[in-house]
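Chemist: One file: final_21.txt (compact mmCIF, C-alpha atoms (C1' of nucleotides)).
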# COMPACT_ATOMS: atom_id res chain seq x y z
CA MET A 1 101.89 -81.84 133.03
CA ARG A 2 98.65 -82.11 134.85
CA ARG A 3 96.33 -82.63 131.88
CA SER A 4 96.81 -83.27 128.21
CA SER A 5 96.35 -80.24 126.01
CA THR A 6 93.29 -81.88 124.46
CA GLU A 7 91.63 -82.30 127.82
CA THR A 8 92.36 -78.74 128.80
CA LYS A 9 91.08 -77.36 125.52
CA ALA A 10 87.87 -79.31 125.98
CA ALA A 11 87.48 -78.13 129.56
CA ILE A 12 87.92 -74.52 128.46
CA LEU A 13 85.39 -74.94 125.66
CA LYS A 14 82.84 -76.47 128.01
CA ALA A 15 83.25 -73.68 130.55
CA ALA A 16 83.05 -71.10 127.76
CA ARG A 17 79.79 -72.55 126.44
CA GLU A 18 78.22 -72.43 129.89
CA ARG A 19 79.40 -68.93 130.67
CA PHE A 20 78.44 -67.49 127.30
CA ALA A 21 75.03 -69.13 127.55
CA ALA A 22 74.44 -67.84 131.06
CA ASP A 23 75.91 -64.36 130.88
CA GLY A 24 76.23 -63.38 127.21
CA TYR A 25 79.39 -62.35 125.42
CA ASP A 26 80.27 -59.16 127.27
CA ARG A 27 79.65 -60.31 130.83
CA ALA A 28 81.30 -63.68 130.37
CA THR A 29 84.94 -62.86 131.15
CA ILE A 30 87.98 -64.85 130.12
CA ARG A 31 89.01 -64.83 133.75
CA ALA A 32 85.74 -66.40 134.87
CA ILE A 33 85.84 -69.02 132.13
CA ALA A 34 89.42 -69.87 133.06
CA ALA A 35 88.46 -70.17 136.72
CA ASP A 36 85.62 -72.56 135.81
CA ALA A 37 88.07 -74.66 133.81
CA ALA A 38 90.59 -74.52 136.68
CA ILE A 39 93.26 -72.98 134.50
CA ASP A 40 95.14 -69.72 134.15
CA PRO A 41 93.54 -67.07 131.92
CA SER A 42 96.68 -66.87 129.83
CA MET A 43 96.20 -70.49 128.80
CA VAL A 44 92.87 -69.62 127.26
CA MET A 45 94.69 -67.20 125.01
CA ARG A 46 97.32 -69.80 124.16
CA TYR A 47 94.73 -72.35 123.12
CA TYR A 48 92.15 -70.13 121.45
CA GLY A 49 94.00 -66.97 120.46
CA SER A 50 91.49 -64.39 121.62
CA LYS A 51 88.09 -64.01 123.24
CA GLN A 52 86.45 -63.58 119.87
CA LEU A 53 87.97 -66.80 118.55
CA LEU A 54 86.99 -68.64 121.72
CA PHE A 55 83.43 -67.45 121.22
CA ALA A 56 83.51 -68.53 117.61
CA ALA A 57 84.56 -72.00 118.75
CA ALA A 58 81.89 -72.07 121.47
CA ALA A 59 79.16 -70.86 119.12
CA ASP A 60 80.10 -73.23 116.32
CA ILE A 61 76.96 -75.30 116.62
CA ASP A 62 74.25 -76.03 114.14
CA LEU A 63 70.76 -75.98 115.57
CA ARG A 64 69.77 -78.18 112.71
CA LEU A 65 66.11 -78.41 111.99
CA PRO A 66 64.33 -81.68 111.35
CA ASP A 67 63.88 -82.86 107.78
CA LEU A 68 60.53 -81.31 107.05
CA SER A 69 60.27 -82.73 103.57
CA ALA A 70 59.92 -86.22 105.03
CA VAL A 71 56.86 -85.52 107.16
CA PRO A 72 53.26 -85.37 105.99
CA ARG A 73 52.09 -81.89 105.19
CA ASP A 74 49.55 -81.69 107.99
CA GLU A 75 52.01 -82.80 110.66
CA ILE A 76 54.67 -80.21 109.95
CA GLY A 77 53.50 -77.90 112.70
CA ARG A 78 53.66 -80.64 115.29
CA VAL A 79 57.09 -81.86 114.22
CA LEU A 80 58.50 -78.36 114.33
CA ALA A 81 56.94 -77.65 117.72
CA ALA A 82 58.20 -80.94 119.14
CA HIS A 83 61.70 -80.28 117.91
CA LEU A 84 61.62 -76.82 119.41
CA VAL A 85 60.55 -78.01 122.84
CA GLU A 86 62.67 -81.15 123.01
CA ARG A 87 65.91 -80.24 121.29
CA TRP A 88 66.49 -76.61 122.05
CA GLU A 89 66.90 -76.90 125.77
CA GLY A 90 70.70 -76.91 125.69
CA ASP A 91 73.18 -74.07 125.70
CA ALA A 92 73.27 -73.57 121.95
CA LEU A 93 70.27 -71.32 121.42
CA GLN A 94 70.89 -69.41 124.62
CA ILE A 95 74.39 -68.52 123.46
CA LEU A 96 73.11 -67.22 120.16
CA LEU A 97 70.07 -65.41 121.58
CA ARG A 98 71.93 -63.72 124.42
CA THR A 99 74.61 -62.50 122.03
CA ALA A 100 72.63 -61.75 118.86
CA VAL A 101 70.63 -58.95 120.50
CA THR A 102 73.82 -57.01 121.17
CA ASP A 103 76.41 -58.14 118.66
CA PRO A 104 75.68 -57.27 115.02
CA ASP A 105 77.92 -60.03 113.71
CA ILE A 106 76.04 -62.72 115.60
CA ALA A 107 72.74 -61.22 114.54
CA GLU A 108 73.94 -61.47 110.96
CA ARG A 109 74.88 -65.06 111.56
CA MET A 110 71.43 -65.83 112.93
CA ARG A 111 69.91 -64.34 109.83
CA THR A 112 72.11 -66.61 107.77
CA VAL A 113 71.22 -69.70 109.80
CA PHE A 114 67.52 -69.19 109.38
CA ALA A 115 67.72 -68.16 105.77
CA ALA A 116 69.84 -71.18 104.94
CA GLN A 117 68.21 -73.85 107.09
CA LEU A 118 64.55 -72.91 107.33
CA GLY A 119 64.00 -71.01 104.10
CA PRO A 120 64.65 -73.78 101.55
CA ARG A 121 62.69 -76.37 103.50
CA VAL A 122 59.68 -74.13 103.57
CA ALA A 123 60.08 -73.27 99.92
CA GLU A 124 59.79 -76.94 99.00
CA LEU A 125 56.36 -77.33 100.48
CA THR A 126 54.88 -73.97 99.62
CA GLY A 127 52.76 -73.53 96.56
CA ASP A 128 54.05 -70.10 95.70
CA PRO A 129 57.84 -69.92 96.31
CA ALA A 130 57.57 -66.15 96.59
CA GLU A 131 55.66 -66.64 99.84
CA ALA A 132 58.26 -68.93 101.37
CA PRO A 133 60.52 -66.33 103.01
CA ALA A 134 57.62 -64.62 104.75
CA ARG A 135 56.26 -67.96 106.01
CA ALA A 136 59.67 -69.04 107.25
CA GLY A 137 60.16 -65.68 108.92
CA LEU A 138 56.84 -65.90 110.72
CA ALA A 139 57.65 -69.40 111.92
CA ALA A 140 60.95 -68.03 113.18
CA THR A 141 59.18 -65.35 115.21
CA GLN A 142 57.19 -67.99 117.07
CA ALA A 143 60.13 -70.34 117.46
CA LEU A 144 62.54 -67.71 118.77
CA GLY A 145 59.85 -66.07 120.88
CA PHE A 146 59.08 -69.35 122.60
CA ALA A 147 62.76 -70.07 123.17
CA LEU A 148 63.30 -66.54 124.46
CA CYS A 149 60.44 -66.69 126.96
CA ARG A 150 61.03 -70.25 128.11
CA TYR A 151 64.82 -70.56 128.22
CA VAL A 152 66.13 -67.01 128.51
CA LEU A 153 63.57 -64.74 130.14
CA ARG A 154 62.03 -67.68 132.02
CA LEU A 155 58.50 -66.34 132.11
CA PRO A 156 56.91 -68.59 134.76
CA PRO A 157 53.77 -69.67 132.87
CA VAL A 158 55.86 -70.52 129.80
CA VAL A 159 58.39 -72.45 131.86
CA ALA A 160 55.56 -74.30 133.60
CA LEU A 161 54.16 -75.71 130.35
CA GLU A 162 54.65 -79.46 130.02
CA ARG A 163 56.28 -80.67 126.84
CA GLU A 164 53.12 -82.13 125.33
CA GLU A 165 51.09 -79.15 126.43
CA ALA A 166 53.47 -76.72 124.76
CA ILE A 167 53.59 -78.82 121.60
CA ALA A 168 49.81 -79.00 121.42
CA TRP A 169 49.53 -75.22 121.68
CA LEU A 170 52.36 -74.35 119.28
CA ALA A 171 51.72 -76.91 116.54
CA PRO A 172 48.67 -75.14 115.07
CA THR A 173 50.60 -71.87 114.93
CA PHE A 174 53.43 -73.36 112.87
CA GLN A 175 50.92 -75.22 110.76
CA HIS A 176 49.16 -71.94 110.13
CA TYR A 177 52.27 -70.05 109.08
CA LEU A 178 53.63 -72.82 106.88
CA THR A 179 50.58 -74.26 105.17
CA ALA A 180 47.56 -71.99 105.58
CA PRO A 181 46.51 -69.99 102.53
CA ARG A 182 47.71 -66.40 102.45
CA PRO A 183 45.27 -64.47 104.64
CA ALA A 184 43.06 -61.87 103.03
CA LEU A 185 43.83 -58.31 104.00
CA THR A 186 40.99 -56.41 105.57
CA GLU A 187 40.16 -53.26 103.71
CA HIS A 188 39.37 -50.74 106.41
CA LEU A 189 43.02 -49.83 106.94
CA ALA A 190 44.31 -50.47 103.45
CA GLY A 191 43.41 -46.96 102.33
CA PRO A 192 42.22 -45.76 98.96
CA GLY A 193 45.49 -46.07 97.15
CA MET B 1 74.74 -21.08 131.42
CA ARG B 2 74.36 -22.53 128.02
CA ARG B 3 71.21 -24.56 128.63
CA SER B 4 68.74 -24.83 131.45
CA SER B 5 69.22 -27.89 133.63
CA THR B 6 65.85 -29.18 132.48
CA GLU B 7 66.86 -29.05 128.85
CA THR B 8 70.15 -30.77 129.53
CA LYS B 9 68.51 -33.50 131.58
CA ALA B 10 66.06 -34.11 128.75
CA ALA B 11 68.86 -34.19 126.17
CA ILE B 12 70.75 -36.73 128.25
CA LEU B 13 67.65 -38.89 128.67
CA LYS B 14 66.95 -38.83 124.95
CA ALA B 15 70.53 -39.80 124.11
CA ALA B 16 70.44 -42.52 126.76
CA ARG B 17 67.23 -44.03 125.35
CA GLU B 18 68.70 -44.17 121.88
CA ARG B 19 72.02 -45.63 122.98
CA PHE B 20 70.49 -48.20 125.30
CA ALA B 21 68.05 -49.23 122.57
CA ALA B 22 70.77 -49.54 119.96
CA ASP B 23 73.61 -51.07 121.96
CA GLY B 24 72.17 -52.57 125.14
CA TYR B 25 73.13 -51.70 128.68
CA ASP B 26 76.74 -52.85 128.73
CA ARG B 27 77.88 -51.45 125.40
CA ALA B 28 76.12 -48.13 125.81
CA THR B 29 78.74 -46.10 127.67
CA ILE B 30 78.18 -42.99 129.72
CA ARG B 31 80.84 -41.32 127.65
CA ALA B 32 79.02 -42.07 124.40
CA ILE B 33 75.68 -40.93 125.79
CA ALA B 34 77.27 -37.73 127.04
CA ALA B 35 78.87 -37.13 123.65
CA ASP B 36 75.49 -37.57 121.94
CA ALA B 37 73.97 -35.05 124.33
CA ALA B 38 76.92 -32.70 123.76
CA ILE B 39 77.81 -32.61 127.45
CA ASP B 40 80.58 -33.75 129.75
CA PRO B 41 80.26 -37.27 131.16
CA SER B 42 80.51 -35.94 134.67
CA MET B 43 77.28 -34.01 134.15
CA VAL B 44 75.45 -37.24 133.51
CA MET B 45 76.49 -38.36 136.96
CA ARG B 46 75.42 -35.08 138.48
CA TYR B 47 71.97 -35.26 136.98
CA TYR B 48 71.27 -38.98 137.26
CA GLY B 49 73.58 -40.26 140.00
CA SER B 50 74.87 -43.39 138.30
CA LYS B 51 74.59 -45.43 135.14
CA GLN B 52 72.10 -47.75 136.79
CA LEU B 53 69.85 -44.87 137.80
CA LEU B 54 70.12 -43.36 134.33
CA PHE B 55 69.02 -46.65 132.86
CA ALA B 56 66.15 -46.85 135.31
CA ALA B 57 65.03 -43.41 134.14
CA ALA B 58 65.44 -44.35 130.48
CA ALA B 59 63.59 -47.63 130.90
CA ASP B 60 60.75 -46.14 132.89
CA ILE B 61 58.19 -46.67 130.20
CA ASP B 62 55.00 -48.65 130.20
CA LEU B 63 54.36 -50.55 127.02
CA ARG B 64 50.73 -50.48 127.94
CA LEU B 65 48.50 -52.90 126.18
CA PRO B 66 45.16 -51.92 124.71
CA ASP B 67 42.01 -52.42 126.75
CA LEU B 68 41.11 -55.91 125.68
CA SER B 69 37.94 -56.07 127.74
CA ALA B 70 36.36 -53.44 125.50
CA VAL B 71 36.76 -55.33 122.22
CA PRO B 72 34.54 -58.12 120.92
CA ARG B 73 35.84 -61.56 121.76
CA ASP B 74 36.55 -62.59 118.20
CA GLU B 75 38.54 -59.45 117.40
CA ILE B 76 40.98 -59.72 120.27
CA GLY B 77 43.66 -61.34 118.15
CA ARG B 78 43.52 -58.61 115.56
CA VAL B 79 43.57 -55.79 118.12
CA LEU B 80 46.58 -57.28 119.84
CA ALA B 81 48.41 -57.85 116.58
CA ALA B 82 47.68 -54.34 115.37
CA HIS B 83 48.92 -52.85 118.61
CA LEU B 84 52.07 -54.91 118.38
CA VAL B 85 52.89 -53.82 114.86
CA GLU B 86 51.86 -50.20 115.15
CA ARG B 87 52.85 -49.14 118.64
CA TRP B 88 55.96 -51.13 119.45
CA GLU B 89 58.23 -49.62 116.84
CA GLY B 90 59.86 -47.14 119.18
CA ASP B 91 62.85 -47.50 121.46
CA ALA B 92 60.96 -48.84 124.44
CA LEU B 93 60.77 -52.52 123.65
CA GLN B 94 64.26 -52.58 122.18
CA ILE B 95 65.69 -51.20 125.41
CA LEU B 96 63.97 -53.88 127.45
CA LEU B 97 64.68 -56.75 125.04
CA ARG B 98 68.34 -55.93 124.54
CA THR B 99 68.88 -55.68 128.26
CA ALA B 100 66.59 -58.37 129.63
CA VAL B 101 68.51 -61.18 127.95
CA THR B 102 71.64 -60.28 129.92
CA ASP B 103 70.53 -58.49 133.07
CA PRO B 104 68.58 -60.58 135.58
CA ASP B 105 66.97 -57.53 137.16
CA ILE B 106 65.52 -56.35 133.87
CA ALA B 107 64.36 -59.87 133.07
CA GLU B 108 62.56 -59.90 136.39
CA ARG B 109 61.00 -56.58 135.52
CA MET B 110 59.78 -57.96 132.20
CA ARG B 111 58.19 -60.85 134.01
CA THR B 112 56.43 -58.37 136.26
CA VAL B 113 55.24 -56.23 133.37
CA PHE B 114 53.67 -59.14 131.57
CA ALA B 115 52.23 -60.72 134.68
CA ALA B 116 50.68 -57.42 135.73
CA GLN B 117 49.52 -56.04 132.39
CA LEU B 118 48.66 -59.03 130.25
CA GLY B 119 47.68 -61.64 132.84
CA PRO B 120 44.61 -59.97 134.37
CA ARG B 121 43.22 -58.87 130.99
CA VAL B 122 43.38 -62.42 129.74
CA ALA B 123 41.90 -63.77 132.94
CA GLU B 124 38.81 -61.62 132.43
CA LEU B 125 37.93 -63.20 129.15
CA THR B 126 38.95 -66.77 129.81
CA GLY B 127 36.43 -69.31 130.93
CA ASP B 128 38.74 -71.12 133.32
CA PRO B 129 40.90 -68.57 135.21
CA ALA B 130 43.43 -71.34 135.87
CA GLU B 131 44.23 -71.36 132.17
CA ALA B 132 44.79 -67.62 131.96
CA PRO B 133 48.52 -67.49 132.83
CA ALA B 134 49.41 -70.12 130.25
CA ARG B 135 47.37 -68.35 127.57
CA ALA B 136 48.93 -65.00 128.42
CA GLY B 137 52.39 -66.56 128.40
CA LEU B 138 51.86 -68.10 124.98
CA ALA B 139 50.64 -64.79 123.60
CA ALA B 140 53.77 -63.23 125.06
CA THR B 141 55.99 -65.70 123.20
CA GLN B 142 54.49 -64.66 119.87
CA ALA B 143 54.50 -60.96 120.72
CA LEU B 144 58.09 -60.86 121.92
CA GLY B 145 59.25 -63.20 119.19
CA PHE B 146 57.79 -60.93 116.54
CA ALA B 147 59.31 -57.85 118.15
CA LEU B 148 62.65 -59.61 118.47
CA CYS B 149 62.80 -60.70 114.85
CA ARG B 150 61.41 -57.49 113.36
CA TYR B 151 62.97 -54.75 115.48
CA VAL B 152 66.07 -56.30 117.05
CA LEU B 153 67.41 -59.13 114.89
CA ARG B 154 65.92 -57.55 111.77
CA LEU B 155 65.29 -60.79 109.92
CA PRO B 156 64.72 -59.51 106.35
CA PRO B 157 61.46 -61.34 105.56
CA VAL B 158 59.97 -60.23 108.88
CA VAL B 159 61.07 -56.64 108.36
CA ALA B 160 59.64 -56.73 104.85
CA LEU B 161 56.12 -57.56 106.02
CA GLU B 162 53.68 -54.72 105.53
CA ARG B 163 51.66 -53.65 108.55
CA GLU B 164 48.38 -55.13 107.36
CA GLU B 165 50.12 -58.25 106.12
CA ALA B 166 51.74 -58.85 109.49
CA ILE B 167 48.51 -58.18 111.33
CA ALA B 168 46.60 -60.59 109.12
CA TRP B 169 49.13 -63.35 109.81
CA LEU B 170 49.49 -62.75 113.54
CA ALA B 171 45.87 -62.15 114.50
CA PRO B 172 44.78 -65.81 114.23
CA THR B 173 47.69 -66.86 116.41
CA PHE B 174 46.73 -64.53 119.24
CA GLN B 175 43.10 -65.45 118.77
CA HIS B 176 44.09 -69.09 119.10
CA TYR B 177 46.10 -68.64 122.28
CA LEU B 178 43.56 -66.41 123.99
CA THR B 179 40.19 -67.88 123.01
CA ALA B 180 40.59 -71.35 121.50
CA PRO B 181 39.57 -74.28 123.68
CA ARG B 182 42.42 -76.01 125.45
CA PRO B 183 43.96 -78.37 122.88
CA ALA B 184 43.67 -82.09 123.47
CA LEU B 185 46.95 -83.80 124.23
CA THR B 186 47.88 -86.59 121.86
CA GLU B 187 48.40 -89.85 123.67
CA HIS B 188 51.40 -91.39 121.99
CA LEU B 189 53.89 -89.42 124.03
CA ALA B 190 51.88 -88.93 127.19
CA GLY B 191 53.05 -92.23 128.66
CA PRO B 192 51.20 -94.64 130.92
CA GLY B 193 51.59 -92.80 134.13
C1' DA C 1 121.56 -88.35 133.96
C1' DT C 2 120.87 -84.90 130.59
C1' DT C 3 118.15 -82.50 127.53
C1' DG C 4 114.13 -80.79 125.04
C1' DT C 5 109.54 -79.68 125.14
C1' DA C 6 104.92 -79.13 126.33
C1' DG C 7 101.68 -77.54 130.03
C1' DG C 8 101.12 -74.15 133.39
C1' DC C 9 101.45 -69.90 136.41
C1' DC C 10 102.73 -65.17 137.59
C1' DA C 11 103.18 -60.43 136.94
C1' DA C 12 102.33 -56.79 134.37
C1' DC C 13 100.95 -53.77 130.42
C1' DG C 14 97.56 -50.83 128.18
C1' DC C 15 93.05 -49.73 127.68
C1' DT C 16 88.35 -48.41 128.77
C1' DC C 17 85.03 -47.83 131.90
C1' DG C 18 82.22 -45.54 135.80
C1' DT C 19 82.96 -42.29 138.93
C1' DT C 20 84.83 -38.17 141.73
C1' DG C 21 86.62 -33.51 143.14
C1' DG C 22 88.05 -29.16 142.04
C1' DC C 23 87.94 -25.12 139.17
C1' DA C 24 86.17 -21.79 135.49
C1' DA C 25 82.39 -19.13 133.69
C1' DT C 26 77.97 -17.27 133.34
C1' DA C 27 73.43 -16.13 134.84
C1' DG C 28 70.15 -13.63 137.91
C1' DG C 29 68.97 -11.09 142.59
C1' DC C 30 70.34 -7.31 145.58
C1' DG D 1 78.35 -3.50 140.38
C1' DC D 2 78.79 -7.20 143.49
C1' DC D 3 77.40 -12.03 145.26
C1' DT D 4 75.79 -16.30 144.97
C1' DA D 5 74.50 -20.30 142.85
C1' DT D 6 73.91 -22.88 138.85
C1' DT D 7 75.98 -24.90 134.64
C1' DG D 8 79.84 -26.82 132.76
C1' DC D 9 84.61 -28.80 131.84
C1' DC D 10 89.05 -30.91 133.05
C1' DA D 11 91.95 -34.16 135.12
C1' DA D 12 92.39 -38.02 137.48
C1' DC D 13 91.44 -42.16 140.30
C1' DG D 14 90.61 -47.11 140.86
C1' DA D 15 88.88 -51.17 139.11
C1' DG D 16 88.27 -54.70 135.69
C1' DC D 17 89.13 -56.21 131.33
C1' DG D 18 91.79 -58.71 127.31
C1' DT D 19 96.20 -59.68 126.37
C1' DT D 20 101.43 -60.54 126.54
C1' DG D 21 106.03 -62.29 127.85
C1' DG D 22 108.92 -64.62 130.82
C1' DC D 23 109.77 -68.23 133.93
C1' DC D 24 109.00 -72.62 136.28
C1' DT D 25 108.06 -77.56 136.32
C1' DA D 26 107.28 -82.18 135.11
C1' DC D 27 107.38 -85.51 131.75
C1' DA D 28 109.63 -88.19 127.48
C1' DA D 29 113.31 -89.35 124.74
C1' DT D 30 118.05 -90.12 124.52
For the structure just supplied, provide its representation as structure tokens.
Modeler:
Amino acid sequence: MRRSSTETKAAILKAARERFAADGYDRATIRAIAADAAIDPSMVMRYYGSKQLLFAAAADIDLRLPDLSAVPRDEIGRVLAAHLVERWEGDALQILLRTAVTDPDIAERMRTVFAAQLGPRVAELTGDPAEAPARAGLAATQALGFALCRYVLRLPPVVALEREEAIAWLAPTFQHYLTAPRPALTEHLAGPG
Amino acid sequence: MRRSSTETKAAILKAARERFAADGYDRATIRAIAADAAIDPSMVMRYYGSKQLLFAAAADIDLRLPDLSAVPRDEIGRVLAAHLVERWEGDALQILLRTAVTDPDIAERMRTVFAAQLGPRVAELTGDPAEAPARAGLAATQALGFALCRYVLRLPPVVALEREEAIAWLAPTFQHYLTAPRPALTEHLAGPG
DNA sequence: ATTGTAGGCCAACGCTCGTTGGCAATAGGC
DNA sequence: GCCTATTGCCAACGAGCGTTGGCCTACAAT
């Protein structure tokens, strides 16, 4: 017995996380993951049952958001931006993003994550609770868009941004979506009725 | 001869656009595309050579941005937001987004598109041309993030936003990234040197 | 020393995919 | 009416995938 089963399971999981993050679900093959973990592909099946179950284990991560209720109202944007830039650099978000665009189940799970983790927090600090989902959704567009461009698509100018620089630019946007009054709709496209 | 070759080629291209947009490159199979176009898979090869070439034909679309130099400086955000909401609903962006996250070549192409189409426009209206790439990149994060959440991930609160509502929320963000003065960096994380 | 078991590899199955070559049928030009 | 070329389908190949079952090997307990 070269390694303990625990060690091997961990090695497989680590390789799986890296491969899924780098290549997405379809292009990350069991054979490649096994090769990275220096093990036979059949062992992956023994330890995790199937590719789907292995992915479920690899994607079982909570990108937990900071406790927004504890921060002053006018610093929420900055806290969210800082968290985004400093804590989302790992594999976690890349795994979800690279898979969610293709796999309906993962997309559903992303919807759940944001509805469950961001929604309620925003609702607490919004005057009108009916506005909370829209505000949380808009914040999600900026958060996921930044992660997409910086960590997945690697747009050069977005990658080049220093941490503090990125935070300084993004903070007002989050602040706007979460705390600004509902913007007035301009009339020239609203139509007569 | 049931159809003219031109008709068949067009039918294949249409089916390919829809399948690539819905399923991404890997999961959209030649066989499924051929079935949608009511044709034998081998004909797809005859007309387009290979799956890669078919994709190239299907993805040969320019998501051209509006002429920003023609609009008043303080309406740029609104024009960009309106364009985003009104003109990016089709298959085009979905094809690119669903594929770019997995295929390095398409990601590279997205980088080119944004560098070539958004960069120069922004440079024209920015005081310091050195800041232009960063501003264009930040605008891209919000644009792609909105498209991702609304058209690909289909986050319910983002889908639910009415056109004018979405525009009213997004416009200030674009305005901020493109025309606001460079934000001051806070010192408490900048470090001594 | 024998035995039981847990960790590991090998070989292969069945499936789907992109891709290819050959053959049938139908259209239009002479 | 024949000839040619275009349109189309069928059958199959080869590769890569997830997955399975059997067999080997080294350790631990007896």
Chemist: Calculate how many Å separate atom C1' of DT3 of chain C from atom CA of Val44 of chain A, rounding to one decimal.
Modeler: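 Taking atom C1' of DT3 of chain C and atom CA of Val44 of chain A, their separation equals 28.4 Å.
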Chemist: Grab the atom CA of Leu93 of chain B to atom CA of Ile61 of chain B distance for me, in Å with one decimal place.
Modeler: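 Distance between the two atoms: 9.2 Å.
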Chemist: With a cut-off of 8 Å and counting only C-alpha atoms, select all residues of chain A in contact with chain B and give the selection as an mmCIF file with C-alpha atoms, keeping the file's coordinate frame.
Modeler:
data_model
loop_
_atom_site.group_PDB
_atom_site.id
_atom_site.type_symbol
_atom_site.label_atom_id
_atom_site.label_comp_id
_atom_site.auth_asym_id
_atom_site.auth_seq_id
_atom_site.Cartn_x
_atom_site.Cartn_y
_atom_site.Cartn_z
ATOM 1 C CA ASP A 23 75.910 -64.360 130.880
ATOM 2 C CA GLY A 24 76.230 -63.380 127.210
ATOM 3 C CA ASP A 26 80.270 -59.160 127.270
ATOM 4 C CA LEU A 97 70.070 -65.410 121.580
ATOM 5 C CA ARG A 98 71.930 -63.720 124.420
ATOM 6 C CA ALA A 100 72.630 -61.750 118.860
ATOM 7 C CA VAL A 101 70.630 -58.950 120.500
ATOM 8 C CA THR A 102 73.820 -57.010 121.170
ATOM 9 C CA ALA A 107 72.740 -61.220 114.540
ATOM 10 C CA GLU A 108 73.940 -61.470 110.960
ATOM 11 C CA ARG A 111 69.910 -64.340 109.830
ATOM 12 C CA PRO A 133 60.520 -66.330 103.010
ATOM 13 C CA ALA A 134 57.620 -64.620 104.750
ATOM 14 C CA GLY A 137 60.160 -65.680 108.920
ATOM 15 C CA LEU A 138 56.840 -65.900 110.720
ATOM 16 C CA ALA A 140 60.950 -68.030 113.180
ATOM 17 C CA THR A 141 59.180 -65.350 115.210
ATOM 18 C CA GLN A 142 57.190 -67.990 117.070
ATOM 19 C CA ALA A 143 60.130 -70.340 117.460
ATOM 20 C CA LEU A 144 62.540 -67.710 118.770
ATOM 21 C CA GLY A 145 59.850 -66.070 120.880
ATOM 22 C CA PHE A 146 59.080 -69.350 122.600
ATOM 23 C CA LEU A 148 63.300 -66.540 124.460
ATOM 24 C CA CYS A 149 60.440 -66.690 126.960
ATOM 25 C CA VAL A 152 66.130 -67.010 128.510
ATOM 26 C CA LEU A 153 63.570 -64.740 130.140
ATOM 27 C CA LEU A 155 58.500 -66.340 132.110
ATOM 28 C CA PRO A 156 56.910 -68.590 134.760
ATOM 29 C CA PRO A 157 53.770 -69.670 132.870
ATOM 30 C CA VAL A 158 55.860 -70.520 129.800
ATOM 31 C CA LEU A 161 54.160 -75.710 130.350
ATOM 32 C CA GLU A 164 53.120 -82.130 125.330
ATOM 33 C CA GLU A 165 51.090 -79.150 126.430
ATOM 34 C CA ALA A 168 49.810 -79.000 121.420
ATOM 35 C CA TRP A 169 49.530 -75.220 121.680
ATOM 36 C CA THR A 173 50.600 -71.870 114.930
ATOM 37 C CA TYR A 177 52.270 -70.050 109.080
ATOM 38 C CA PRO A 183 45.270 -64.470 104.640
ATOM 39 C CA ALA A 184 43.060 -61.870 103.030
ATOM 40 C CA LEU A 185 43.830 -58.310 104.000
ATOM 41 C CA THR A 186 40.990 -56.410 105.570
ATOM 42 C CA LEU A 189 43.020 -49.830 106.940
ATOM 43 C CA ALA A 190 44.310 -50.470 103.450
#
Chemist: Any idea what's packed within 8 Å of segment 9-25 of chain C, counting only C-alpha atoms (C1' of nucleotides), ignoring anything in its chain fewer than 2 positions away? Could you give it as a VMD selection string?
Modeler: (chain A and resid 40) or (chain B and resid 29 to 30 45 51) or (chain D and resid 13 20)
Chemist: Give as a count of residues only every residue, naming chains and numbers as the document does, that has an atom within 9 Å of (104.3, -85.0, 137.5), counting all atoms listed in the file.
Modeler: 5
Chemist: Please identify all residues of chain C having at least one atom at most 9 Å from any atom of chain A, considering all atoms listed in the file, and return them as a compact mmCIF listing (two decimals) with C-alpha atoms (C1' of nucleotides), keeping the file's coordinate frame.
Modeler:
# COMPACT_ATOMS: atom_id res chain seq x y z
C1' DA C 6 104.92 -79.13 126.33
C1' DG C 7 101.68 -77.54 130.03
C1' DG C 8 101.12 -74.15 133.39
C1' DC C 9 101.45 -69.90 136.41
Chemist: Write down, as a PyMOL selection string, each residue of chain D that has any atom within 8 Å of an atom of chain B, counting only C-alpha atoms (C1' of nucleotides).
Modeler: chain D and resi 6-9
Chemist: In terms of the shortest atom-to-atom distance over only C-alpha atoms, which of A:Arg87, A:Arg121, A:Lys9, A:Lys14 is closest to Ala70 of chain A?
Modeler: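 Using only C-alpha atoms, the shortest distance to Ala70 of chain A belongs to A:Arg121.
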Chemist: One number please: atom CA of Ala57 of chain B to atom CA of Ala35 of chain B, in Å, one decimal.
Modeler: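 Distance between the two atoms: 18.5 Å.
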Chemist: Pick out the residues sitting within 9 Å of Ala92 of chain B, and hand them over as a PyMOL selection string; count all atoms listed in the file, and ignore anything fewer than 6 positions along from it in its own chain.
Modeler: chain B and resi 17+21+58-63
Chemist: Quick one: residues within 10 Å of Thr179 of chain B, only C-alpha atoms (C1' of nucleotides) counted, chain neighbours fewer than 5 positions away excluded, as a PyMOL selection string?
Modeler: chain B and resi 73-74+76-77+122+125-127+135+174
Chemist: Enclose the full set of atoms of segment 160-178 of chain A listed in the file within a box whose edges lie along x, y and z, apply 8 Å of padding to each of the six sides, and report centre and edge lengths in Å to one decimal as JSON.
Modeler:
{"center_x": 52.5, "center_y": -76.1, "center_z": 120.2, "size_x": 23.6, "size_y": 28.1, "size_z": 42.7}
Chemist: Which one of B:Asp91, B:Ile12, B:Ala82, B:Ser50 sits closest to Ala34 of chain B if you count only C-alpha atoms?
Modeler: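 With only C-alpha atoms as the atom set, the closest residue is B:Ile12.
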